file start.cif (mmCIF, C-alpha atoms and all ligand atoms)
data_entry
loop_
_atom_site.label_atom_id
_atom_site.label_comp_id
_atom_site.auth_asym_id
_atom_site.auth_seq_id
_atom_site.Cartn_x
_atom_site.Cartn_y
_atom_site.Cartn_z
CA MET A 774 44.63 146.81 54.67
CA ALA A 775 46.80 149.22 52.67
CA GLN A 776 49.97 150.56 54.28
CA ARG A 777 49.05 153.47 56.56
CA SER A 778 51.59 156.24 56.03
CA VAL A 779 50.33 158.31 58.95
CA PHE A 780 52.16 156.03 61.41
CA ARG A 781 55.92 155.90 62.03
CA ASP A 782 58.03 152.85 62.93
CA ASP A 783 57.82 153.65 66.64
CA HIS A 784 54.02 153.62 66.37
CA ASP A 785 54.12 150.22 64.67
CA LEU A 786 56.32 148.77 67.42
CA PHE A 787 54.06 150.27 70.06
CA ARG A 788 51.00 148.77 68.34
CA GLU A 789 52.60 145.32 68.61
CA GLN A 790 53.08 145.92 72.33
CA VAL A 791 49.41 146.92 72.68
CA ARG A 792 48.31 143.75 70.86
CA ARG A 793 50.40 141.58 73.17
CA PHE A 794 48.91 143.32 76.20
CA ILE A 795 45.38 142.72 74.91
CA ASP A 796 46.08 139.04 74.18
CA GLU A 797 47.63 138.43 77.59
CA GLN A 798 45.77 140.73 79.96
CA ILE A 799 42.31 141.27 78.44
CA ALA A 800 41.28 138.43 76.13
CA PRO A 801 41.34 135.66 78.78
CA HIS A 802 39.17 137.65 81.22
CA TYR A 803 36.86 139.86 79.20
CA LEU A 804 33.77 137.65 79.29
CA GLN A 805 34.03 137.43 83.06
CA TRP A 806 34.25 141.23 83.28
CA GLU A 807 31.14 141.43 81.11
CA ARG A 808 29.36 139.25 83.67
CA ASP A 809 30.79 141.36 86.54
CA GLY A 810 29.72 144.63 84.89
CA ILE A 811 33.12 146.17 85.53
CA THR A 812 36.81 145.84 84.68
CA PRO A 813 39.04 145.36 87.74
CA ARG A 814 41.35 148.13 88.89
CA SER A 815 44.25 145.70 88.48
CA LEU A 816 43.79 146.00 84.68
CA TRP A 817 44.41 149.73 84.91
CA LYS A 818 47.55 149.19 86.95
CA ALA A 819 48.79 146.62 84.42
CA ALA A 820 48.04 149.03 81.56
CA GLY A 821 49.91 151.77 83.40
CA ASP A 822 52.90 149.48 83.93
CA ALA A 823 52.85 148.61 80.21
CA GLY A 824 52.79 152.33 79.26
CA LEU A 825 49.35 152.20 77.64
CA LEU A 826 47.73 155.10 79.52
CA ASN A 827 47.96 158.87 78.85
CA CYS A 828 49.94 158.05 75.70
CA GLN A 829 49.91 161.55 74.24
CA LEU A 830 51.11 163.35 77.37
CA PRO A 831 54.77 164.14 78.17
CA GLU A 832 56.51 162.27 80.97
CA PRO A 833 55.88 162.05 83.95
CA TYR A 834 52.24 162.78 83.07
CA GLY A 835 52.09 160.10 80.39
CA LEU A 836 53.99 157.94 77.95
CA GLY A 837 55.68 160.84 76.18
CA GLY A 838 54.15 159.87 72.85
CA ASP A 839 51.68 161.63 70.57
CA TYR A 840 48.13 161.16 69.29
CA GLY A 841 49.40 158.38 67.01
CA HIS A 842 50.29 156.28 70.07
CA ALA A 843 46.87 157.01 71.56
CA ALA A 844 45.32 155.89 68.27
CA CYS A 845 47.17 152.54 68.46
CA VAL A 846 45.55 151.77 71.84
CA ILE A 847 42.11 152.97 70.73
CA GLU A 848 42.20 150.98 67.48
CA GLU A 849 43.60 147.73 68.86
CA LEU A 850 41.06 147.55 71.70
CA ALA A 851 38.25 148.13 69.21
CA ARG A 852 39.65 145.76 66.59
CA ALA A 853 39.82 143.02 69.21
CA ASN A 854 36.19 143.81 70.15
CA TYR A 855 36.74 145.20 73.63
CA LEU A 856 34.67 148.37 73.32
CA GLY A 857 33.77 148.27 77.01
CA ILE A 858 37.29 149.11 78.24
CA GLY A 859 37.29 152.75 79.39
CA PHE A 860 40.92 153.68 78.70
CA SER A 861 40.15 156.27 76.03
CA ILE A 862 37.99 158.51 78.25
CA HIS A 863 40.73 158.36 80.91
CA SER A 864 43.71 158.93 78.60
CA ASP A 865 42.31 160.91 75.69
CA MET A 866 39.68 163.08 77.39
CA VAL A 867 40.28 163.49 81.12
CA ALA A 868 44.08 163.59 81.03
CA PRO A 869 44.29 166.24 78.24
CA TYR A 870 41.84 168.50 80.14
CA LEU A 871 44.00 168.28 83.26
CA MET A 872 47.20 168.76 81.26
CA GLN A 873 45.87 171.83 79.51
CA TYR A 874 43.80 173.62 82.13
CA ALA A 875 44.81 172.40 85.63
CA THR A 876 47.23 174.28 87.86
CA PRO A 877 50.72 172.71 88.10
CA SER A 878 49.94 171.36 91.57
CA VAL A 879 46.67 169.68 90.49
CA ARG A 880 48.40 168.30 87.41
CA ASP A 881 51.19 166.88 89.56
CA THR A 882 48.70 165.38 92.01
CA TRP A 883 46.68 163.47 89.44
CA LEU A 884 48.38 162.92 86.11
CA PRO A 885 51.39 160.79 87.14
CA LYS A 886 48.99 158.53 89.11
CA MET A 887 46.69 158.33 86.10
CA ALA A 888 49.64 157.41 83.88
CA ARG A 889 50.55 154.58 86.27
CA GLY A 890 46.94 153.37 86.42
CA GLU A 891 46.76 154.08 90.14
CA ALA A 892 44.03 156.70 89.65
CA ILE A 893 41.20 156.32 87.13
CA GLY A 894 39.57 159.26 85.35
CA ALA A 895 36.01 160.07 84.27
CA ILE A 896 34.31 162.97 82.58
CA ALA A 897 31.00 164.20 83.94
CA MET A 898 29.04 166.42 81.59
CA THR A 899 25.65 164.75 81.04
CA GLU A 900 22.76 165.19 83.48
CA PRO A 901 19.30 163.65 83.55
CA GLY A 902 17.88 166.87 82.03
CA ALA A 903 20.85 167.95 79.89
CA GLY A 904 22.68 165.79 77.35
CA SER A 905 22.98 167.30 73.88
CA ASP A 906 21.90 170.67 75.27
CA LEU A 907 24.61 171.17 77.86
CA LYS A 908 23.85 174.81 78.51
CA ASN A 909 20.79 173.66 80.48
CA LEU A 910 22.77 171.75 83.02
CA ARG A 911 21.92 172.33 86.69
CA THR A 912 25.03 171.20 88.56
CA ARG A 913 26.05 174.30 90.46
CA ALA A 914 29.42 175.43 91.78
CA GLU A 915 29.02 178.28 94.25
CA ALA A 916 32.00 180.36 95.30
CA VAL A 917 32.67 179.97 99.03
CA GLN A 918 35.58 180.84 101.30
CA GLY A 919 38.67 179.09 99.85
CA GLY A 920 36.97 177.54 96.83
CA TYR A 921 33.62 176.23 95.62
CA ARG A 922 30.68 174.21 96.88
CA LEU A 923 29.41 171.71 94.31
CA ASN A 924 25.83 170.38 94.16
CA GLY A 925 24.19 168.36 91.42
CA GLN A 926 23.76 165.06 89.64
CA LYS A 927 25.46 163.55 86.60
CA THR A 928 24.42 160.50 84.62
CA TRP A 929 25.89 158.02 82.10
CA ILE A 930 29.38 158.45 83.52
CA THR A 931 31.84 156.03 81.92
CA ASN A 932 34.24 154.52 84.53
CA GLY A 933 31.78 155.86 87.15
CA SER A 934 32.33 153.12 89.76
CA ASN A 935 36.09 152.83 89.34
CA ALA A 936 36.94 156.50 88.91
CA ASP A 937 38.99 158.42 91.46
CA VAL A 938 38.94 161.76 89.70
CA ALA A 939 36.52 163.47 87.33
CA VAL A 940 36.42 166.53 85.15
CA VAL A 941 32.99 167.94 86.04
CA VAL A 942 31.08 170.56 84.08
CA ALA A 943 29.12 172.87 86.38
CA THR A 944 27.67 176.34 86.20
CA VAL A 945 28.81 179.23 88.32
CA ALA A 946 26.05 181.46 86.91
CA PRO A 947 22.90 179.60 85.77
CA GLU A 948 21.37 182.80 84.36
CA LEU A 949 24.19 182.98 81.77
CA GLY A 950 23.48 179.59 80.13
CA ALA A 951 26.56 178.41 78.23
CA GLY A 952 28.37 181.52 79.47
CA GLY A 953 28.22 180.26 83.07
CA LEU A 954 29.77 176.85 82.43
CA SER A 955 33.05 176.09 84.17
CA LEU A 956 35.16 172.97 84.49
CA PHE A 957 36.37 171.50 87.77
CA CYS A 958 38.66 168.69 88.74
CA VAL A 959 36.85 166.69 91.44
CA ASP A 960 38.41 164.13 93.76
CA LEU A 961 35.66 161.51 93.81
CA HIS A 962 36.66 160.34 97.28
CA SER A 963 35.71 163.75 98.73
CA PRO A 964 32.93 163.96 101.34
CA GLY A 965 29.56 164.55 99.64
CA VAL A 966 30.32 162.51 96.49
CA SER A 967 28.26 159.36 95.96
CA ARG A 968 27.69 156.99 93.03
CA GLY A 969 24.62 155.25 91.74
CA ALA A 970 24.38 151.55 90.99
CA PRO A 971 25.80 150.48 87.60
CA MET A 972 23.40 151.54 84.86
CA ALA A 973 21.52 148.78 83.04
CA LYS A 974 22.73 148.94 79.43
CA ILE A 975 22.05 146.95 76.28
CA GLY A 976 25.80 146.63 75.56
CA GLN A 977 29.29 147.50 76.83
CA HIS A 978 28.60 145.32 79.86
CA ALA A 979 32.22 145.33 81.06
CA GLN A 980 31.95 149.11 81.33
CA ASP A 981 31.02 150.52 84.76
CA THR A 982 28.71 153.35 83.76
CA THR A 983 27.01 155.07 86.72
CA GLU A 984 25.34 158.20 88.02
CA LEU A 985 27.35 160.57 90.21
CA PHE A 986 25.86 162.74 92.96
CA PHE A 987 27.44 165.82 94.52
CA GLU A 988 26.06 167.12 97.79
CA ASP A 989 27.84 170.15 99.26
CA VAL A 990 31.19 168.91 97.96
CA LEU A 991 33.90 171.42 98.85
CA LEU A 992 36.43 172.03 96.08
CA PRO A 993 39.69 173.89 96.71
CA ALA A 994 39.94 177.07 94.63
CA ASP A 995 42.75 175.61 92.50
CA TYR A 996 40.53 172.70 91.44
CA LEU A 997 38.85 175.09 88.99
CA LEU A 998 40.21 174.20 85.52
CA GLY A 999 41.33 177.25 83.56
CA GLU A 1000 39.10 180.25 84.16
CA GLU A 1001 35.54 180.54 85.43
CA ARG A 1002 32.82 180.77 82.73
CA ARG A 1003 35.10 179.57 79.95
CA GLY A 1004 34.07 175.93 80.26
CA PHE A 1005 32.01 175.84 77.08
CA GLY A 1006 34.96 177.12 75.05
CA TYR A 1007 37.28 174.54 76.61
CA LEU A 1008 34.81 171.76 75.76
CA GLU A 1009 34.71 172.95 72.15
CA GLN A 1010 38.52 173.06 71.96
CA GLN A 1011 38.86 169.44 73.07
CA LEU A 1012 35.94 168.00 71.13
CA ALA A 1013 37.69 167.52 67.79
CA ALA A 1014 40.27 165.14 69.29
CA GLU A 1015 37.56 163.32 71.27
CA ARG A 1016 35.37 162.85 68.22
CA LEU A 1017 38.28 161.55 66.18
CA ALA A 1018 39.00 159.04 68.98
CA ILE A 1019 35.44 157.73 68.72
CA ALA A 1020 35.67 157.58 64.92
CA LEU A 1021 38.87 155.53 65.15
CA ARG A 1022 37.19 153.10 67.55
CA ALA A 1023 34.22 152.71 65.23
CA ALA A 1024 36.30 152.04 62.12
CA ALA A 1025 38.62 149.55 63.82
CA SER A 1026 35.68 147.70 65.35
CA ALA A 1027 34.02 147.28 61.94
CA GLU A 1028 37.32 146.23 60.32
CA GLY A 1029 37.97 143.70 63.09
CA MET A 1030 34.52 142.20 62.71
CA LEU A 1031 34.86 142.07 58.91
CA THR A 1032 37.99 139.93 59.31
CA GLU A 1033 36.21 137.72 61.86
CA THR A 1034 33.20 137.32 59.58
CA VAL A 1035 35.30 136.31 56.57
CA GLY A 1036 36.69 133.49 58.72
CA TYR A 1037 33.19 132.46 59.80
CA VAL A 1038 31.64 132.36 56.31
CA ARG A 1039 34.57 130.33 54.98
CA GLN A 1040 33.89 127.49 57.41
CA ARG A 1041 30.08 127.63 57.80
CA LYS A 1042 28.23 125.68 55.11
CA ALA A 1043 24.69 126.02 53.71
CA PHE A 1044 23.25 124.19 50.71
CA GLY A 1045 26.41 122.10 50.40
CA ARG A 1046 28.96 124.89 50.14
CA PRO A 1047 30.67 127.43 52.37
CA LEU A 1048 28.62 130.60 52.86
CA ILE A 1049 31.34 132.61 51.11
CA ASP A 1050 30.59 130.71 47.91
CA HIS A 1051 27.10 132.25 47.82
CA GLN A 1052 27.23 135.44 45.84
CA ASN A 1053 25.19 137.48 48.32
CA THR A 1054 27.75 136.77 51.04
CA ARG A 1055 30.60 138.01 48.86
CA PHE A 1056 28.63 141.10 47.83
CA VAL A 1057 27.87 142.04 51.44
CA LEU A 1058 31.52 141.56 52.40
CA ALA A 1059 32.72 143.44 49.32
CA SER A 1060 30.48 146.44 50.04
CA ALA A 1061 31.65 146.56 53.65
CA SER A 1062 35.27 146.23 52.60
CA ALA A 1063 34.98 148.98 49.96
CA GLN A 1064 33.22 151.43 52.27
CA LEU A 1065 35.62 150.80 55.13
CA ALA A 1066 38.60 151.39 52.82
CA MET A 1067 37.19 154.81 51.92
CA LEU A 1068 36.53 155.59 55.58
CA ARG A 1069 40.05 154.57 56.56
CA SER A 1070 41.50 156.93 54.01
CA PHE A 1071 39.57 159.92 55.39
CA LEU A 1072 40.28 159.00 59.01
CA ASP A 1073 44.01 158.71 58.39
CA GLN A 1074 43.94 162.17 56.84
CA CYS A 1075 42.17 163.48 59.95
CA LEU A 1076 44.63 161.62 62.15
CA GLY A 1077 47.55 163.27 60.34
CA GLU A 1078 45.88 166.66 60.81
CA GLN A 1079 45.35 165.97 64.52
CA MET A 1080 49.00 164.92 64.92
CA ALA A 1081 50.00 168.19 63.28
CA GLY A 1082 47.65 170.12 65.61
CA GLN A 1083 45.43 171.14 62.69
CA LEU A 1084 42.28 169.05 62.88
CA ASP A 1085 39.29 171.19 62.03
CA PRO A 1086 36.22 170.60 64.31
CA THR A 1087 33.90 170.20 61.32
CA ARG A 1088 36.08 167.49 59.80
CA ALA A 1089 36.21 165.78 63.20
CA ALA A 1090 32.40 165.87 63.28
CA MET A 1091 32.36 164.36 59.76
CA ALA A 1092 34.78 161.67 60.86
CA LYS A 1093 32.65 160.63 63.84
CA LEU A 1094 29.39 160.82 61.88
CA ASN A 1095 30.69 158.75 58.96
CA ALA A 1096 32.56 156.23 61.05
CA THR A 1097 29.87 155.47 63.62
CA GLU A 1098 27.03 155.36 61.09
CA LEU A 1099 29.02 153.04 58.81
CA GLN A 1100 30.06 150.88 61.76
CA GLY A 1101 26.38 150.44 62.69
CA GLN A 1102 25.40 149.49 59.14
CA VAL A 1103 28.34 147.13 58.57
CA LEU A 1104 27.98 145.34 61.90
CA ASP A 1105 24.29 144.80 61.25
CA ASP A 1106 25.09 143.26 57.84
CA LEU A 1107 27.85 141.09 59.30
CA LEU A 1108 25.57 139.89 62.09
CA GLN A 1109 23.08 138.80 59.44
CA LEU A 1110 25.77 136.67 57.77
CA HIS A 1111 26.16 134.76 61.06
CA GLY A 1112 22.49 133.72 61.02
CA GLY A 1113 21.13 132.71 64.43
CA TYR A 1114 24.63 132.58 65.88
CA GLY A 1115 24.89 136.30 65.21
CA TYR A 1116 22.16 136.85 67.75
CA SER A 1117 23.99 134.83 70.39
CA SER A 1118 25.92 136.75 73.00
CA GLU A 1119 28.48 133.91 72.82
CA TYR A 1120 29.69 135.18 69.43
CA GLY A 1121 31.73 138.37 69.16
CA ILE A 1122 29.59 139.87 66.41
CA GLY A 1123 26.51 140.10 68.64
CA ARG A 1124 28.50 141.85 71.34
CA ALA A 1125 30.10 144.22 68.81
CA TRP A 1126 26.67 145.11 67.39
CA ALA A 1127 25.22 145.97 70.81
CA ASP A 1128 28.37 147.72 72.06
CA ALA A 1129 28.61 149.83 68.92
CA ARG A 1130 25.17 151.37 69.28
CA ALA A 1131 26.37 153.82 71.92
CA LEU A 1132 28.96 155.34 69.60
CA ARG A 1133 26.28 157.12 67.59
CA ILE A 1134 25.03 158.69 70.83
CA PHE A 1135 27.94 159.78 73.01
CA GLY A 1136 30.48 162.44 72.09
CA GLY A 1137 27.75 164.26 70.13
CA THR A 1138 24.81 162.38 68.62
CA SER A 1139 24.67 161.91 64.85
CA GLU A 1140 21.94 164.57 64.73
CA ILE A 1141 24.04 167.13 66.60
CA LEU A 1142 26.98 166.36 64.29
CA ARG A 1143 24.81 166.88 61.19
CA ASP A 1144 23.73 170.17 62.69
CA ILE A 1145 27.36 171.24 63.22
CA ILE A 1146 28.35 170.26 59.68
CA GLY A 1147 25.18 171.78 58.20
CA ARG A 1148 25.87 175.15 59.80
CA THR A 1149 29.14 175.44 57.87
CA LEU A 1150 27.51 174.96 54.46
C1 LIG B 1 27.34 154.12 76.96
C2 LIG B 1 27.33 155.61 77.21
C3 LIG B 1 28.42 156.21 77.84
C4 LIG B 1 28.39 157.58 78.10
N1 LIG B 1 29.46 158.14 78.77
C5 LIG B 1 29.38 159.45 79.15
C6 LIG B 1 30.41 160.02 79.97
O1 LIG B 1 31.42 159.38 80.30
N2 LIG B 1 30.27 161.30 80.38
C7 LIG B 1 29.18 162.06 80.03
O2 LIG B 1 29.13 163.22 80.44
N3 LIG B 1 28.19 161.55 79.25
C8 LIG B 1 28.27 160.25 78.82
N4 LIG B 1 27.26 159.72 78.05
C9 LIG B 1 26.08 160.53 77.75
C10 LIG B 1 26.01 161.01 76.31
O3 LIG B 1 27.01 161.95 76.07
C11 LIG B 1 24.59 161.55 76.08
O4 LIG B 1 23.72 160.44 76.15
C12 LIG B 1 24.48 162.26 74.74
O5 LIG B 1 25.17 163.48 74.78
C13 LIG B 1 23.00 162.54 74.36
O6 LIG B 1 22.34 163.18 75.40
P1 LIG B 1 20.94 162.62 75.94
O7 LIG B 1 21.12 161.19 76.25
O8 LIG B 1 20.47 163.52 77.03
O9 LIG B 1 19.98 162.70 74.70
P2 LIG B 1 19.12 164.00 74.24
O10 LIG B 1 19.98 165.18 74.23
O11 LIG B 1 17.88 164.04 75.06
O12 LIG B 1 18.75 163.61 72.75
C14 LIG B 1 17.67 162.74 72.41
C15 LIG B 1 17.53 162.70 70.89
O13 LIG B 1 17.21 164.01 70.43
C16 LIG B 1 18.14 164.41 69.45
N5 LIG B 1 18.38 165.85 69.51
C17 LIG B 1 18.75 166.58 70.58
N6 LIG B 1 18.92 167.87 70.21
C18 LIG B 1 18.67 167.95 68.90
C19 LIG B 1 18.68 169.00 67.94
N7 LIG B 1 19.04 170.25 68.26
N8 LIG B 1 18.36 168.72 66.66
C20 LIG B 1 18.00 167.46 66.30
N9 LIG B 1 17.98 166.41 67.16
C21 LIG B 1 18.30 166.66 68.44
C22 LIG B 1 19.40 163.64 69.77
O14 LIG B 1 20.24 163.55 68.64
C23 LIG B 1 18.82 162.30 70.19
O15 LIG B 1 18.54 161.55 69.05
C24 LIG B 1 27.28 158.37 77.72
C25 LIG B 1 26.20 157.75 77.04
C26 LIG B 1 26.21 156.41 76.79
C27 LIG B 1 25.04 155.79 76.10
#
call {"tool": "encode", "arguments": {"input": "start.cif", "output": "structure tokens"}}
result
Amino acid sequence: MAQRSVFRDDHDLFREQVRRFIDEQIAPHYLQWERDGITPRSLWKAAGDAGLLNCQLPEPYGLGGDYGHAACVIEELARANYLGIGFSIHSDMVAPYLMQYATPSVRDTWLPKMARGEAIGAIAMTEPGAGSDLKNLRTRAEAVQGGYRLNGQKTWITNGSNADVAVVVATVAPELGAGGLSLFCVDLHSPGVSRGAPMAKIGQHAQDTTELFFEDVLLPADYLLGEERRGFGYLEQQLAAERLAIALRAAASAEGMLTETVGYVRQRKAFGRPLIDHQNTRFVLASASAQLAMLRSFLDQCLGEQMAGQLDPTRAAMAKLNATELQGQVLDDLLQLHGGYGYSSEYGIGRAWADARALRIFGGTSEILRDIIGRTL
């Protein structure tokens, strides 16, 4: 890959540290976690000790780095084909919401623990009847003496079994649609919170994705994030960074699998020669390589804009759309080059292919992203 000028020397050193952590703490155990359907809490503690969580937040809430450090963690996990590890939601979604909109006391309660990996974060937007169309959500926060009473159900919640704290989107005024949405920090060990069984998924098996239920959960008044009824605006403000994070995962996953596949087709023989000596194999690899190089160039531009606090939401939508669609296409082509072994869950490419499918769905589906981009034309 060409030199990436968006990163500084301290990022490069940090990336090396992330790689070592992955080799030592994740690689030997990941297949077992896939069978378990969850990553152990001890991994989060180890990641916290290694300074891999809440990278972009100032100390003591995080590493004291910037979005470039966050990108190193996101990319290296994806490049090594561990898309089921839920660090990015914790560090790059939940933690920034708390940093930006929580009261100082709520921030101090949760963020240092999240940085140390002692508390795990989740974000709870989606409901059985409201995914893309969030303004239809039903989870209700009613004002009561001293705070709010929360009732409702969320689904597809990443880190759902492990999580201790969640940013929950609820309405304080259902008749106002998007105008009633508000964000709350919810301690998931509060009375009235329960969790469903792990959801049966076609990929990301090491990821504990569950439903969450809230029944008369009492929230202290200061657990409201920012102001009432401004939740939709807050979601929009954070979405550009979140979409870029998903785009970076997608690109690094495809690049990692391209490297793996080149190794495979060099050693696998058919008709008396290595697969790479068949022209079709080289053409498929060449197309993937050329398209990924173009994608990388655009993503690094977006990354530079994000680090300068200037990433435009439409460009972030373009980044996620391009990256996740290309990842899907490239991984499918690379799987084909593995023949029957590509379809085996023993080989990384099969896992990458299944894990990747979700990236075109969460964080805004490809259709919603096209809609966002289309409206600006
Ligand atoms: C593995 C995984 C992890 C997830 N993690 C989380 C999480 O941590 N927290 C969380 O809150 N959610 C999470 N989600 C949920 C995810 O954000 C939603 O699935 C996503 O927003 C889509 O919502 P939906 O599933 O209700 O689909 P729907 O909104 O019902 O969409 C169905 C189809 O209709 C299309 N569609 C919808 N509206 C339009 C339109 N206006 N124009 C054209 N097409 C349209 C969609 O693009 C899609 O193809 C996760 C999902 C998955 C798969």
call {"tool": "residues_near_ligand", "arguments": {"input": "start.cif", "ligand": "ligand LIG 1 (chain B)", "cutoff": "6 Å", "atoms": "all atoms listed in the file", "output": "list in words"}}
result
Ile896, Ala897, Met898, Thr899, Ala903, Gly904, Ser905, Asp906, Trp929, Ile930, Thr931, Ala1131, Ile1134, Phe1135, Gly1136, Gly1137, Thr1138, Glu1140 and Ile1141 of chain A
call {"tool": "residues_around", "arguments": {"input": "start.cif", "residues": "Tyr840 (chain A)", "least_positions_apart": "6", "cutoff": "9 Å", "atoms": "only C-alpha atoms", "output": "PyMOL selection string"}}
result
chain A and resi 828-830+865+1014+1076+1079-1080
call {"tool": "atom_distance", "arguments": {"input": "start.cif", "atom1": "CA of Glu984 (chain A)", "atom2": "CA of Ser1026 (chain A)"}}
result
27.0 Å
call {"tool": "atom_distance", "arguments": {"input": "start.cif", "atom1": "CA of Val940 (chain A)", "atom2": "CA of Ser967 (chain A)"}}
result
15.3 Å
call {"tool": "closest_atom_pairs", "arguments": {"input": "start.cif", "of": "region 1069-1150 of chain A", "to": "region 843-852 of chain A", "cutoff": "12 Å", "atoms": "all atoms listed in the file", "output": "JSON lines"}}
result
{"residue": "A:Arg1069", "atom": "CA", "partner": "A:Glu848", "partner_atom": "CA", "distance": 11.7}
{"residue": "A:Leu1072", "atom": "CA", "partner": "A:Ala844", "partner_atom": "CA", "distance": 11.0}
{"residue": "A:Asp1073", "atom": "CA", "partner": "A:Ala844", "partner_atom": "CA", "distance": 10.4}
{"residue": "A:Cys1075", "atom": "CA", "partner": "A:Ala844", "partner_atom": "CA", "distance": 11.7}
{"residue": "A:Leu1076", "atom": "CA", "partner": "A:Ala844", "partner_atom": "CA", "distance": 8.4}
{"residue": "A:Gly1077", "atom": "CA", "partner": "A:Ala844", "partner_atom": "CA", "distance": 11.1}
{"residue": "A:Gln1079", "atom": "CA", "partner": "A:Ala844", "partner_atom": "CA", "distance": 10.8}
{"residue": "A:Met1080", "atom": "CA", "partner": "A:Ala844", "partner_atom": "CA", "distance": 10.3}
{"residue": "A:Gln1100", "atom": "CA", "partner": "A:Ala851", "partner_atom": "CA", "distance": 11.4}
{"residue": "A:Gly1121", "atom": "CA", "partner": "A:Arg852", "partner_atom": "CA", "distance": 11.1}
{"residue": "A:Ile1122", "atom": "CA", "partner": "A:Arg852", "partner_atom": "CA", "distance": 11.7}
{"residue": "A:Arg1124", "atom": "CA", "partner": "A:Ala851", "partner_atom": "CA", "distance": 11.8}
{"residue": "A:Ala1125", "atom": "CA", "partner": "A:Ala851", "partner_atom": "CA", "distance": 9.0}
{"residue": "A:Asp1128", "atom": "CA", "partner": "A:Ala851", "partner_atom": "CA", "distance": 10.3}
{"residue": "A:Ala1129", "atom": "CA", "partner": "A:Ala851", "partner_atom": "CA", "distance": 9.8}
{"residue": "A:Leu1132", "atom": "CA", "partner": "A:Ala851", "partner_atom": "CA", "distance": 11.8}
